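input.pdb (PDB, C-alpha atoms) appears below.
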ATOM      1  CA  MET T   1      -2.906 -45.037  95.828
ATOM      2  CA  SER T   2      -3.968 -42.526  93.259
ATOM      3  CA  GLN T   3      -2.270 -42.394  89.920
ATOM      4  CA  GLN T   4      -1.190 -39.054  88.511
ATOM      5  CA  ARG T   5      -3.241 -38.105  85.422
ATOM      6  CA  PRO T   6      -1.258 -37.355  82.267
ATOM      7  CA  VAL T   7      -1.030 -33.777  81.222
ATOM      8  CA  ASN T   8      -3.523 -32.850  78.461
ATOM      9  CA  THR T   9      -1.217 -31.246  75.953
ATOM     10  CA  PHE T  10      -4.159 -30.133  73.738
ATOM     11  CA  ARG T  11      -5.437 -27.828  76.482
ATOM     12  CA  THR T  12      -2.164 -26.273  77.521
ATOM     13  CA  GLN T  13      -1.815 -22.626  76.577
ATOM     14  CA  PRO T  14       0.802 -21.847  73.946
ATOM     15  CA  ALA T  15       3.740 -19.814  74.984
ATOM     16  CA  PRO T  16       3.076 -16.090  74.539
ATOM     17  CA  ILE T  17       4.495 -14.525  71.420
ATOM     18  CA  PRO T  18       6.831 -11.737  72.339
ATOM     19  CA  ARG T  19       5.701  -8.370  71.157
ATOM     20  CA  PRO T  20       8.098  -6.531  68.909
ATOM     21  CA  LYS T  21       9.829  -3.586  70.352
ATOM     22  CA  PRO T  22       8.496  -0.188  69.266
ATOM     23  CA  ASP T  23      11.444   0.514  67.029
ATOM     24  CA  GLN T  24      11.046  -2.924  65.325
ATOM     25  CA  ALA T  25       7.283  -2.429  64.736
ATOM     26  CA  SER T  26       7.715   1.023  63.291
ATOM     27  CA  THR T  27      10.490  -0.235  61.047
ATOM     28  CA  ARG T  28       8.262  -3.059  59.818
ATOM     29  CA  ARG T  29       5.380  -0.681  59.057
ATOM     30  CA  THR T  30       7.494   1.790  57.160
ATOM     31  CA  GLN T  31       8.925  -0.774  54.755
ATOM     32  CA  PRO T  32       7.406  -0.506  51.240
ATOM     33  CA  ALA T  33       4.914  -3.193  50.239
ATOM     34  CA  GLY T  34       6.283  -3.668  46.720
ATOM     35  CA  ARG T  35       9.222  -5.832  45.804
ATOM     36  CA  LYS T  36      12.561  -4.190  45.388
ATOM     37  CA  PRO T  37      13.985  -4.444  41.897
ATOM     38  CA  SER T  38      16.537  -7.175  41.596
ATOM     39  CA  SER T  39      20.106  -6.515  40.672
ATOM     40  CA  GLY T  40      19.432  -8.134  37.268
ATOM     41  CA  GLN T  41      16.617  -5.693  36.546
ATOM     42  CA  ASN T  42      18.788  -2.755  37.523
ATOM     43  CA  ALA T  43      21.552  -4.017  35.276
ATOM     44  CA  SER T  44      19.125  -4.495  32.368
ATOM     45  CA  ALA T  45      17.672  -0.991  32.754
ATOM     46  CA  GLY T  46      21.146   0.468  33.029
ATOM     47  CA  GLY T  47      22.260  -1.383  29.913
ATOM     48  CA  MET T  48      19.314  -0.094  27.888
ATOM     49  CA  SER T  49      19.983   3.441  29.052
ATOM     50  CA  ARG T  50      23.635   3.182  28.049
ATOM     51  CA  ARG T  51      22.749   1.760  24.635
ATOM     52  CA  TRP T  52      20.252   4.566  24.051
ATOM     53  CA  GLN T  53      22.843   7.188  25.012
ATOM     54  CA  GLN T  54      25.370   5.565  22.707
ATOM     55  CA  ALA T  55      22.854   5.578  19.855
ATOM     56  CA  ARG T  56      22.056   9.259  20.433
ATOM     57  CA  ARG T  57      25.782  10.098  20.498
ATOM     58  CA  PHE T  58      26.287   8.105  17.298
ATOM     59  CA  MET T  59      23.454  10.055  15.602
ATOM     60  CA  ARG T  60      24.770  13.464  16.742
ATOM     61  CA  GLU T  61      28.184  12.693  15.339
ATOM     62  CA  ARG T  62      26.597  12.053  11.923
ATOM     63  CA  PRO T  63      24.240  14.959  11.106
ATOM     64  CA  LEU T  64      23.156  13.512   7.744
ATOM     65  CA  LEU T  65      22.105  10.229   9.327
ATOM     66  CA  GLU T  66      20.214  12.109  12.028
ATOM     67  CA  ARG T  67      18.328  14.138   9.417
ATOM     68  CA  VAL T  68      17.411  10.953   7.547
ATOM     69  CA  TYR T  69      16.231   9.375  10.792
ATOM     70  CA  TRP T  70      13.936  12.246  11.695
ATOM     71  CA  PHE T  71      12.697  12.469   8.105
ATOM     72  CA  VAL T  72      11.635   8.811   8.248
ATOM     73  CA  ILE T  73       9.915   9.315  11.605
ATOM     74  CA  LYS T  74       8.011  12.383  10.392
ATOM     75  CA  ALA T  75       7.060  10.702   7.104
ATOM     76  CA  PHE T  76       5.696   7.714   8.997
ATOM     77  CA  LEU T  77       3.612   9.941  11.274
ATOM     78  CA  TRP T  78       2.295  11.950   8.309
ATOM     79  CA  LEU T  79       1.310   8.771   6.465
ATOM     80  CA  PHE T  80      -0.237   7.247   9.577
ATOM     81  CA  PHE T  81      -2.431  10.212  10.452
ATOM     82  CA  GLY T  82      -2.997  11.033   6.767
ATOM     83  CA  SER T  83      -4.446   7.571   6.214
ATOM     84  CA  PHE T  84      -7.022   8.250   8.930
ATOM     85  CA  VAL T  85      -8.025  11.524   7.306
ATOM     86  CA  TYR T  86      -8.222   9.938   3.847
ATOM     87  CA  VAL T  87     -10.345   7.019   5.045
ATOM     88  CA  ILE T  88     -12.700   9.383   6.872
ATOM     89  CA  ALA T  89     -13.041  11.554   3.755
ATOM     90  CA  LEU T  90     -13.860   8.564   1.550
ATOM     91  CA  LYS T  91     -16.678   7.611   3.868
ATOM     92  CA  TYR T  92     -18.617  10.551   2.436
ATOM     93  CA  VAL T  93     -16.983  11.262  -0.960
ATOM     94  CA  PRO T  94     -17.537   8.987  -3.999
ATOM     95  CA  VAL T  95     -14.492   6.907  -4.930
ATOM     96  CA  LEU T  96     -13.994   7.935  -8.549
ATOM     97  CA  VAL T  97     -10.464   6.641  -9.219
ATOM     98  CA  THR T  98      -8.553   3.675  -7.823
ATOM     99  CA  PRO T  99      -5.036   2.350  -8.436
ATOM    100  CA  LEU T 100      -6.570  -0.601 -10.322
ATOM    101  CA  ILE T 101      -8.414   1.690 -12.738
ATOM    102  CA  VAL T 102      -5.231   3.664 -13.398
ATOM    103  CA  SER T 103      -3.271   0.429 -13.887
ATOM    104  CA  ARG T 104      -5.781  -0.950 -16.400
ATOM    105  CA  TRP T 105      -5.791   2.365 -18.270
ATOM    106  CA  VAL T 106      -1.989   2.454 -18.463
ATOM    107  CA  ASP T 107      -1.928  -1.158 -19.701
ATOM    108  CA  THR T 108      -3.822  -0.109 -22.842
ATOM    109  CA  PHE T 109      -0.970   2.131 -23.996
ATOM    110  CA  GLY T 110       0.680   0.721 -27.094
ATOM    111  CA  THR T 111      -2.039  -1.896 -27.648
ATOM    112  CA  ASP T 112      -5.149  -2.197 -29.790
ATOM    113  CA  GLU T 113      -7.348  -2.255 -26.684
ATOM    114  CA  SER T 114      -9.584   0.758 -26.147
ATOM    115  CA  SER T 115      -8.505   3.049 -23.326
ATOM    116  CA  GLN T 116     -12.059   4.184 -22.566
ATOM    117  CA  VAL T 117     -13.019   3.558 -18.955
ATOM    118  CA  TYR T 118     -16.635   2.635 -18.217
ATOM    119  CA  LYS T 119     -17.502   3.760 -14.720
ATOM    120  CA  LYS T 120     -20.488   5.475 -13.102
ATOM    121  CA  TRP T 121     -20.939   5.993  -9.390
ATOM    122  CA  ARG T 122     -24.337   5.155  -7.940
ATOM    123  CA  PRO T 123     -25.384   5.457  -4.279
ATOM    124  CA  TYR T 124     -26.247   2.220  -2.514
ATOM    125  CA  ASP T 125     -29.955   3.092  -2.364
ATOM    126  CA  LYS T 126     -30.060   3.427  -6.165
ATOM    127  CA  ILE T 127     -28.546  -0.003  -6.853
ATOM    128  CA  SER T 128     -30.706  -3.115  -6.977
ATOM    129  CA  LYS T 129     -30.373  -5.081  -3.753
ATOM    130  CA  GLU T 130     -30.286  -8.174  -5.939
ATOM    131  CA  ALA T 131     -26.852  -6.998  -7.089
ATOM    132  CA  ALA T 132     -25.703  -6.473  -3.504
ATOM    133  CA  LEU T 133     -26.998  -9.891  -2.480
ATOM    134  CA  ALA T 134     -25.429 -11.540  -5.530
ATOM    135  CA  VAL T 135     -21.892 -10.340  -4.779
ATOM    136  CA  VAL T 136     -22.241 -11.298  -1.100
ATOM    137  CA  SER T 137     -23.481 -14.764  -2.084
ATOM    138  CA  SER T 138     -20.662 -15.170  -4.570
ATOM    139  CA  GLU T 139     -17.700 -13.521  -2.867
ATOM    140  CA  ASP T 140     -18.249 -13.352   0.896
ATOM    141  CA  GLN T 141     -21.296 -14.995   2.466
ATOM    142  CA  ALA T 142     -20.122 -14.170   5.999
ATOM    143  CA  PHE T 143     -19.876 -10.461   5.143
ATOM    144  CA  PRO T 144     -22.689  -9.299   7.490
ATOM    145  CA  GLN T 145     -21.119 -11.115  10.460
ATOM    146  CA  HIS T 146     -17.324 -10.868  10.279
ATOM    147  CA  TRP T 147     -15.087  -7.912  11.193
ATOM    148  CA  GLY T 148     -13.175  -7.785   7.925
ATOM    149  CA  PHE T 149     -11.566 -11.239   7.986
ATOM    150  CA  ASP T 150     -13.166 -14.665   7.601
ATOM    151  CA  PHE T 151     -10.755 -16.826   9.573
ATOM    152  CA  ASP T 152     -12.658 -20.053   8.888
ATOM    153  CA  GLU T 153     -12.366 -19.403   5.155
ATOM    154  CA  ILE T 154      -8.672 -18.573   5.532
ATOM    155  CA  GLN T 155      -7.998 -21.876   7.300
ATOM    156  CA  ASP T 156      -9.919 -23.813   4.646
ATOM    157  CA  ALA T 157      -7.973 -22.065   1.872
ATOM    158  CA  ILE T 158      -4.641 -22.871   3.541
ATOM    159  CA  LYS T 159      -5.554 -26.559   3.742
ATOM    160  CA  GLU T 160      -6.804 -26.724   0.149
ATOM    161  CA  ASN T 161      -3.827 -24.838  -1.273
ATOM    162  CA  GLN T 162      -1.511 -27.559  -0.008
ATOM    163  CA  THR T 163      -2.879 -29.858  -2.722
ATOM    164  CA  ARG T 164      -4.231 -27.411  -5.339
ATOM    165  CA  LYS T 165      -2.135 -26.325  -8.299
ATOM    166  CA  ARG T 166      -3.923 -22.983  -8.481
ATOM    167  CA  ALA T 167      -4.086 -21.167  -5.169
ATOM    168  CA  ARG T 168      -7.530 -20.442  -3.777
ATOM    169  CA  GLY T 169      -8.134 -16.994  -2.360
ATOM    170  CA  ALA T 170      -9.921 -16.202   0.882
ATOM    171  CA  SER T 171     -10.209 -12.415   0.702
ATOM    172  CA  THR T 172     -13.396 -10.899   2.029
ATOM    173  CA  ILE T 173     -15.248  -8.048   0.335
ATOM    174  CA  SER T 174     -13.706  -5.703   2.912
ATOM    175  CA  GLN T 175     -10.196  -6.878   2.027
ATOM    176  CA  GLN T 176     -10.870  -6.477  -1.692
ATOM    177  CA  VAL T 177     -12.101  -2.931  -1.151
ATOM    178  CA  ALA T 178      -9.053  -2.059   0.969
ATOM    179  CA  LYS T 179      -6.730  -3.482  -1.685
ATOM    180  CA  ASN T 180      -8.423  -1.845  -4.696
ATOM    181  CA  VAL T 181      -8.980   1.599  -3.149
ATOM    182  CA  PHE T 182      -5.736   2.168  -1.248
ATOM    183  CA  LEU T 183      -3.057  -0.196  -2.558
ATOM    184  CA  TRP T 184      -1.229  -1.377  -5.631
ATOM    185  CA  ASN T 185      -1.310  -4.722  -7.442
ATOM    186  CA  GLY T 186       1.234  -7.310  -6.474
ATOM    187  CA  HIS T 187       2.159  -9.840  -3.834
ATOM    188  CA  SER T 188       4.423  -8.821  -0.975
ATOM    189  CA  TYR T 189       4.421  -8.891   2.816
ATOM    190  CA  LEU T 190       4.359  -5.092   2.907
ATOM    191  CA  ARG T 191       1.253  -4.868   0.714
ATOM    192  CA  LYS T 192      -0.461  -7.641   2.680
ATOM    193  CA  GLY T 193       0.308  -5.911   5.953
ATOM    194  CA  LEU T 194      -1.111  -2.633   4.655
ATOM    195  CA  GLU T 195      -4.177  -4.507   3.403
ATOM    196  CA  VAL T 196      -4.807  -5.801   6.934
ATOM    197  CA  TYR T 197      -4.370  -2.264   8.318
ATOM    198  CA  PHE T 198      -6.763  -0.618   5.841
ATOM    199  CA  THR T 199      -9.295  -3.457   6.161
ATOM    200  CA  ALA T 200      -9.498  -2.914   9.910
ATOM    201  CA  LEU T 201      -9.675   0.842   9.385
ATOM    202  CA  ILE T 202     -12.601   0.808   6.934
ATOM    203  CA  GLU T 203     -14.479  -1.732   9.051
ATOM    204  CA  LEU T 204     -14.115   0.640  11.998
ATOM    205  CA  ILE T 205     -14.822   3.934  10.192
ATOM    206  CA  TRP T 206     -16.996   3.084   7.183
ATOM    207  CA  GLY T 207     -19.216   0.252   8.332
ATOM    208  CA  LYS T 208     -20.689  -2.594   6.267
ATOM    209  CA  LYS T 209     -23.117  -0.609   4.142
ATOM    210  CA  ARG T 210     -20.470   1.849   2.941
ATOM    211  CA  ILE T 211     -17.970  -0.944   2.241
ATOM    212  CA  LEU T 212     -20.509  -2.784   0.099
ATOM    213  CA  GLU T 213     -21.495   0.457  -1.648
ATOM    214  CA  VAL T 214     -17.877   1.142  -2.591
ATOM    215  CA  TYR T 215     -17.353  -2.440  -3.734
ATOM    216  CA  LEU T 216     -20.392  -2.292  -6.018
ATOM    217  CA  ASN T 217     -18.988   0.888  -7.591
ATOM    218  CA  ILE T 218     -15.315  -0.004  -8.050
ATOM    219  CA  ALA T 219     -15.172  -3.776  -8.654
ATOM    220  CA  GLU T 220     -13.906  -4.763 -12.090
ATOM    221  CA  MET T 221     -16.793  -6.412 -13.949
ATOM    222  CA  GLY T 222     -15.497  -6.529 -17.497
ATOM    223  CA  PRO T 223     -12.767  -5.108 -19.743
ATOM    224  CA  MET T 224     -12.299  -1.476 -18.629
ATOM    225  CA  THR T 225     -15.668  -1.734 -16.850
ATOM    226  CA  PHE T 226     -15.852  -0.853 -13.167
ATOM    227  CA  GLY T 227     -18.927  -0.928 -10.979
ATOM    228  CA  VAL T 228     -22.327  -2.521 -11.296
ATOM    229  CA  GLU T 229     -23.915   0.563 -12.853
ATOM    230  CA  ALA T 230     -21.443   0.655 -15.735
ATOM    231  CA  ALA T 231     -21.734  -3.118 -16.233
ATOM    232  CA  SER T 232     -25.527  -3.005 -16.196
ATOM    233  CA  GLN T 233     -25.738  -0.210 -18.746
ATOM    234  CA  ARG T 234     -23.020  -1.643 -20.978
ATOM    235  CA  TYR T 235     -24.189  -5.266 -21.061
ATOM    236  CA  TYR T 236     -27.919  -5.098 -20.258
ATOM    237  CA  GLY T 237     -28.856  -1.659 -21.547
ATOM    238  CA  HIS T 238     -30.519  -0.391 -18.366
ATOM    239  CA  SER T 239     -29.656   1.028 -14.958
ATOM    240  CA  SER T 240     -28.507  -1.130 -12.077
ATOM    241  CA  VAL T 241     -31.551  -0.134 -10.025
ATOM    242  CA  SER T 242     -33.682  -2.506 -12.101
ATOM    243  CA  LEU T 243     -31.376  -5.523 -12.229
ATOM    244  CA  SER T 244     -33.152  -8.855 -11.944
ATOM    245  CA  ARG T 245     -31.866 -11.741  -9.853
ATOM    246  CA  ASP T 246     -30.494 -13.644 -12.843
ATOM    247  CA  GLU T 247     -28.820 -10.535 -14.261
ATOM    248  CA  ALA T 248     -27.217  -9.729 -10.909
ATOM    249  CA  ALA T 249     -26.096 -13.343 -10.476
ATOM    250  CA  ARG T 250     -24.402 -13.311 -13.885
ATOM    251  CA  ILE T 251     -22.502 -10.142 -12.999
ATOM    252  CA  ALA T 252     -21.342 -11.789  -9.780
ATOM    253  CA  ALA T 253     -20.411 -14.952 -11.667
ATOM    254  CA  VAL T 254     -17.639 -13.235 -13.641
ATOM    255  CA  LEU T 255     -16.022 -11.498 -10.657
ATOM    256  CA  PRO T 256     -13.241 -14.068 -10.135
ATOM    257  CA  ASN T 257     -11.791 -13.102 -13.544
ATOM    258  CA  PRO T 258     -13.817 -10.388 -15.322
ATOM    259  CA  ARG T 259     -11.219 -10.000 -18.063
ATOM    260  CA  LEU T 260     -11.542 -13.657 -19.045
ATOM    261  CA  PHE T 261     -15.246 -14.311 -18.425
ATOM    262  CA  SER T 262     -17.986 -12.381 -20.210
ATOM    263  CA  ILE T 263     -21.335 -11.087 -19.012
ATOM    264  CA  LYS T 264     -22.563 -10.442 -22.530
ATOM    265  CA  LYS T 265     -21.479 -13.814 -23.928
ATOM    266  CA  PRO T 266     -21.484 -16.197 -20.967
ATOM    267  CA  SER T 267     -19.766 -19.552 -21.356
ATOM    268  CA  ASN T 268     -21.282 -22.794 -20.103
ATOM    269  CA  TYR T 269     -19.237 -22.393 -16.934
ATOM    270  CA  ILE T 270     -20.586 -18.886 -16.299
ATOM    271  CA  GLN T 271     -24.162 -20.027 -16.976
ATOM    272  CA  ARG T 272     -23.752 -22.874 -14.495
ATOM    273  CA  ARG T 273     -22.151 -20.587 -11.936
ATOM    274  CA  THR T 274     -24.967 -18.042 -12.431
ATOM    275  CA  ARG T 275     -27.543 -20.689 -11.502
ATOM    276  CA  GLN T 276     -25.517 -21.689  -8.454
ATOM    277  CA  ILE T 277     -25.327 -18.082  -7.226
ATOM    278  CA  ALA T 278     -29.066 -17.558  -7.788
ATOM    279  CA  ARG T 279     -29.803 -20.673  -5.713
ATOM    280  CA  GLN T 280     -27.465 -19.449  -2.990
ATOM    281  CA  MET T 281     -29.265 -16.093  -2.934
ATOM    282  CA  ARG T 282     -32.536 -17.900  -2.248
ATOM    283  CA  TYR T 283     -30.881 -20.128   0.347
ATOM    284  CA  LEU T 284     -29.623 -17.088   2.297
ATOM    285  CA  GLY T 285     -33.172 -15.794   2.508
ATOM    286  CA  GLY T 286     -33.196 -13.179  -0.238
ATOM    287  CA  GLN T 287     -32.680  -9.465   0.260
ATOM    288  CA  LYS T 288     -33.484  -9.575   3.974
ATOM    289  CA  TYR T 289     -30.053 -11.195   4.495
ATOM    290  CA  ILE T 290     -28.391  -7.820   3.836
ATOM    291  CA  ARG T 291     -31.197  -5.554   5.015
ATOM    292  CA  ASN T 292     -29.614  -4.572   8.338
ATOM    293  CA  LEU T 293     -26.037  -3.831   7.276
TER     294      LEU T 293
END
Can you dump the structure from the file as structure tokens?
Amino acid sequence: MSQQRPVNTFRTQPAPIPRPKPDQASTRRTQPAGRKPSSGQNASAGGMSRRWQQARRFMRERPLLERVYWFVIKAFLWLFFGSFVYVIALKYVPVLVTPLIVSRWVDTFGTDESSQVYKKWRPYDKISKEAALAVVSSEDQAFPQHWGFDFDEIQDAIKENQTRKRARGASTISQQVAKNVFLWNGHSYLRKGLEVYFTALIELIWGKKRILEVYLNIAEMGPMTFGVEAASQRYYGHSSVSLSRDEAARIAAVLPNPRLFSIKKPSNYIQRRTRQIARQMRYLGGQKYIRNL
């Protein structure tokens, strides 16, 4: 008596899938692939549209407010595009006056201090590269590499300032140029925001060599003395093109506070700092460190 073999369910053919009717298939193909906006999205878009219409109606009902609004918008656009034009122009034109120079000159009114400004513009190629290397070694050693902001230095300054009585700065040479050429003295979020804007702008439009050239010509290096050429002639009696390493290092040594420290009569602190900067210049590899700016 033969036993009936069990049915092999793994070999049985699956039931055929019914084909959609023509009208169903065509309907499925004609549906859009993208998701339909939800009711919440429609409500949000409708709410924004209504608020915008209400704002426009509110402005039309108050002509003076509408004129002030459009005046602010136009002024912003003029300042925005004007800043581009001004930055582009200063890439090729010597920077002869800065807000800092004007401020120092005004501060002499009503005092015994001389109002004479010592300043002479010199192209980068006619300034000793020892001077350029000295200010980079002293103020911003990452200058050839960064894009205007040294974030490692900023983080270190934030940590140190939590325990220091006197705040430590972390401004790069690019930031100092942006502040001195385009902005006013003071501490505010508006000025700091504009400093970030102009720093990015000069990094993009000027480039490193032009930024360093401007810095060497506008930095305050003594009472009413701006630029390395004026400092060299006033305190050393010769042009900046022939500055030695030690002379350049001493100029850089007073940069943190050129109105307090003296190039002509250096204190023990300035003499010690001068030696430190000179050693740092050698450590960076000399003038070749800034050769390819």
Apply the PyMOL selection byres ((chain T and resi 147) around 9) to the file shown and report the selected residues as a PDB file with C-alpha atoms, keeping the file's coordinate frame.
ATOM      1  CA  PHE T 143     -19.876 -10.461   5.143  1.00  0.00           C
ATOM      2  CA  PRO T 144     -22.689  -9.299   7.490  1.00  0.00           C
ATOM      3  CA  GLN T 145     -21.119 -11.115  10.460  1.00  0.00           C
ATOM      4  CA  HIS T 146     -17.324 -10.868  10.279  1.00  0.00           C
ATOM      5  CA  GLY T 148     -13.175  -7.785   7.925  1.00  0.00           C
ATOM      6  CA  PHE T 149     -11.566 -11.239   7.986  1.00  0.00           C
ATOM      7  CA  ASP T 150     -13.166 -14.665   7.601  1.00  0.00           C
ATOM      8  CA  SER T 174     -13.706  -5.703   2.912  1.00  0.00           C
ATOM      9  CA  THR T 199      -9.295  -3.457   6.161  1.00  0.00           C
ATOM     10  CA  ALA T 200      -9.498  -2.914   9.910  1.00  0.00           C
ATOM     11  CA  GLU T 203     -14.479  -1.732   9.051  1.00  0.00           C
ATOM     12  CA  LEU T 204     -14.115   0.640  11.998  1.00  0.00           C
TER      13      LEU T 204
END
What does the PyMOL selection byres ((chain T and resi 94-102) around 8) select in this file, as an mmCIF file with C-alpha atoms, in the coordinates of the input?
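out-v1.cif, written as the output of this step:
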data_model
loop_
_atom_site.group_PDB
_atom_site.id
_atom_site.type_symbol
_atom_site.label_atom_id
_atom_site.label_comp_id
_atom_site.auth_asym_id
_atom_site.auth_seq_id
_atom_site.Cartn_x
_atom_site.Cartn_y
_atom_site.Cartn_z
ATOM 1 C CA LEU T 90 -13.860 8.564 1.550
ATOM 2 C CA TYR T 92 -18.617 10.551 2.436
ATOM 3 C CA VAL T 93 -16.983 11.262 -0.960
ATOM 4 C CA SER T 103 -3.271 0.429 -13.887
ATOM 5 C CA ARG T 104 -5.781 -0.950 -16.400
ATOM 6 C CA TRP T 105 -5.791 2.365 -18.270
ATOM 7 C CA VAL T 106 -1.989 2.454 -18.463
ATOM 8 C CA VAL T 117 -13.019 3.558 -18.955
ATOM 9 C CA TRP T 121 -20.939 5.993 -9.390
ATOM 10 C CA ASN T 180 -8.423 -1.845 -4.696
ATOM 11 C CA VAL T 181 -8.980 1.599 -3.149
ATOM 12 C CA PHE T 182 -5.736 2.168 -1.248
ATOM 13 C CA LEU T 183 -3.057 -0.196 -2.558
ATOM 14 C CA TRP T 184 -1.229 -1.377 -5.631
ATOM 15 C CA ASN T 185 -1.310 -4.722 -7.442
ATOM 16 C CA VAL T 214 -17.877 1.142 -2.591
ATOM 17 C CA ASN T 217 -18.988 0.888 -7.591
ATOM 18 C CA ILE T 218 -15.315 -0.004 -8.050
ATOM 19 C CA MET T 224 -12.299 -1.476 -18.629
ATOM 20 C CA PHE T 226 -15.852 -0.853 -13.167
#
Taking into account all atoms listed in the file, which residue in the set T:Ser171, T:Ile270, T:Ser242, T:Glu220 is nearest to T:Phe151?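 The shortest atom-to-atom distance to T:Phe151 comes from T:Ser171.
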Once you count only C-alpha atoms, which residues end up no further than 12 Å from (-29.5, -14.7, 1.0) in the file's frame, shown as a VMD selection string? chain T and resid 129 to 138 140 to 144 245 277 to 291
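Relative to atom CA of T:Leu190, atom CA of T:Val254 is found at 28.7 Å.
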For a test of reading the model, state the distance in Å between atom CA of T:Thr108 and atom CA of T:Asn257, rounded to one decimal.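 We find that atom CA of T:Thr108 and atom CA of T:Asn257 lie 17.9 Å from each other.
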Could you spell out the hits of the PyMOL selection byres ((chain T and resi 221) around 12) on the shown file, as a PyMOL selection string? chain T and resi 101+117-119+135+215-220+222-235+248+250-264
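The shortest atom-to-atom distance to T:Lys126, with all atoms listed in the file taken into account, belongs to T:Ser239 out of T:Ser239, T:Asn292, T:Asn268, T:Gln276.
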Atom CA of T:Tyr86 to atom CA of T:Asp125: how many Å, to one decimal?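 A separation of 23.6 Å between them.
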When you look at T:Ile211 with a cut-off of 10 Å (counting all atoms listed in the file), what residues show up, excluding the ones that are within fewer than 5 positions of it in the same chain? I need them as a list in words.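 Once the adjacent positions are removed, what remains is Lys91, Ile173, Ser174, Gln175, Gln176, Val177, Ala178, Thr199, Ile202, Glu203, Ile205, Trp206, Leu216 and Leu293 of chain T.
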Can those selected residues be exported to a file as a PDB file, in the frame of the given file so that it contains C-alpha atoms?
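Final output, saved to selection24.pdb:
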ATOM      1  CA  LYS T  91     -16.678   7.611   3.868  1.00  0.00           C
ATOM      2  CA  ILE T 173     -15.248  -8.048   0.335  1.00  0.00           C
ATOM      3  CA  SER T 174     -13.706  -5.703   2.912  1.00  0.00           C
ATOM      4  CA  GLN T 175     -10.196  -6.878   2.027  1.00  0.00           C
ATOM      5  CA  GLN T 176     -10.870  -6.477  -1.692  1.00  0.00           C
ATOM      6  CA  VAL T 177     -12.101  -2.931  -1.151  1.00  0.00           C
ATOM      7  CA  ALA T 178      -9.053  -2.059   0.969  1.00  0.00           C
ATOM      8  CA  THR T 199      -9.295  -3.457   6.161  1.00  0.00           C
ATOM      9  CA  ILE T 202     -12.601   0.808   6.934  1.00  0.00           C
ATOM     10  CA  GLU T 203     -14.479  -1.732   9.051  1.00  0.00           C
ATOM     11  CA  ILE T 205     -14.822   3.934  10.192  1.00  0.00           C
ATOM     12  CA  TRP T 206     -16.996   3.084   7.183  1.00  0.00           C
ATOM     13  CA  LEU T 216     -20.392  -2.292  -6.018  1.00  0.00           C
ATOM     14  CA  LEU T 293     -26.037  -3.831   7.276  1.00  0.00           C
TER      15      LEU T 293
END
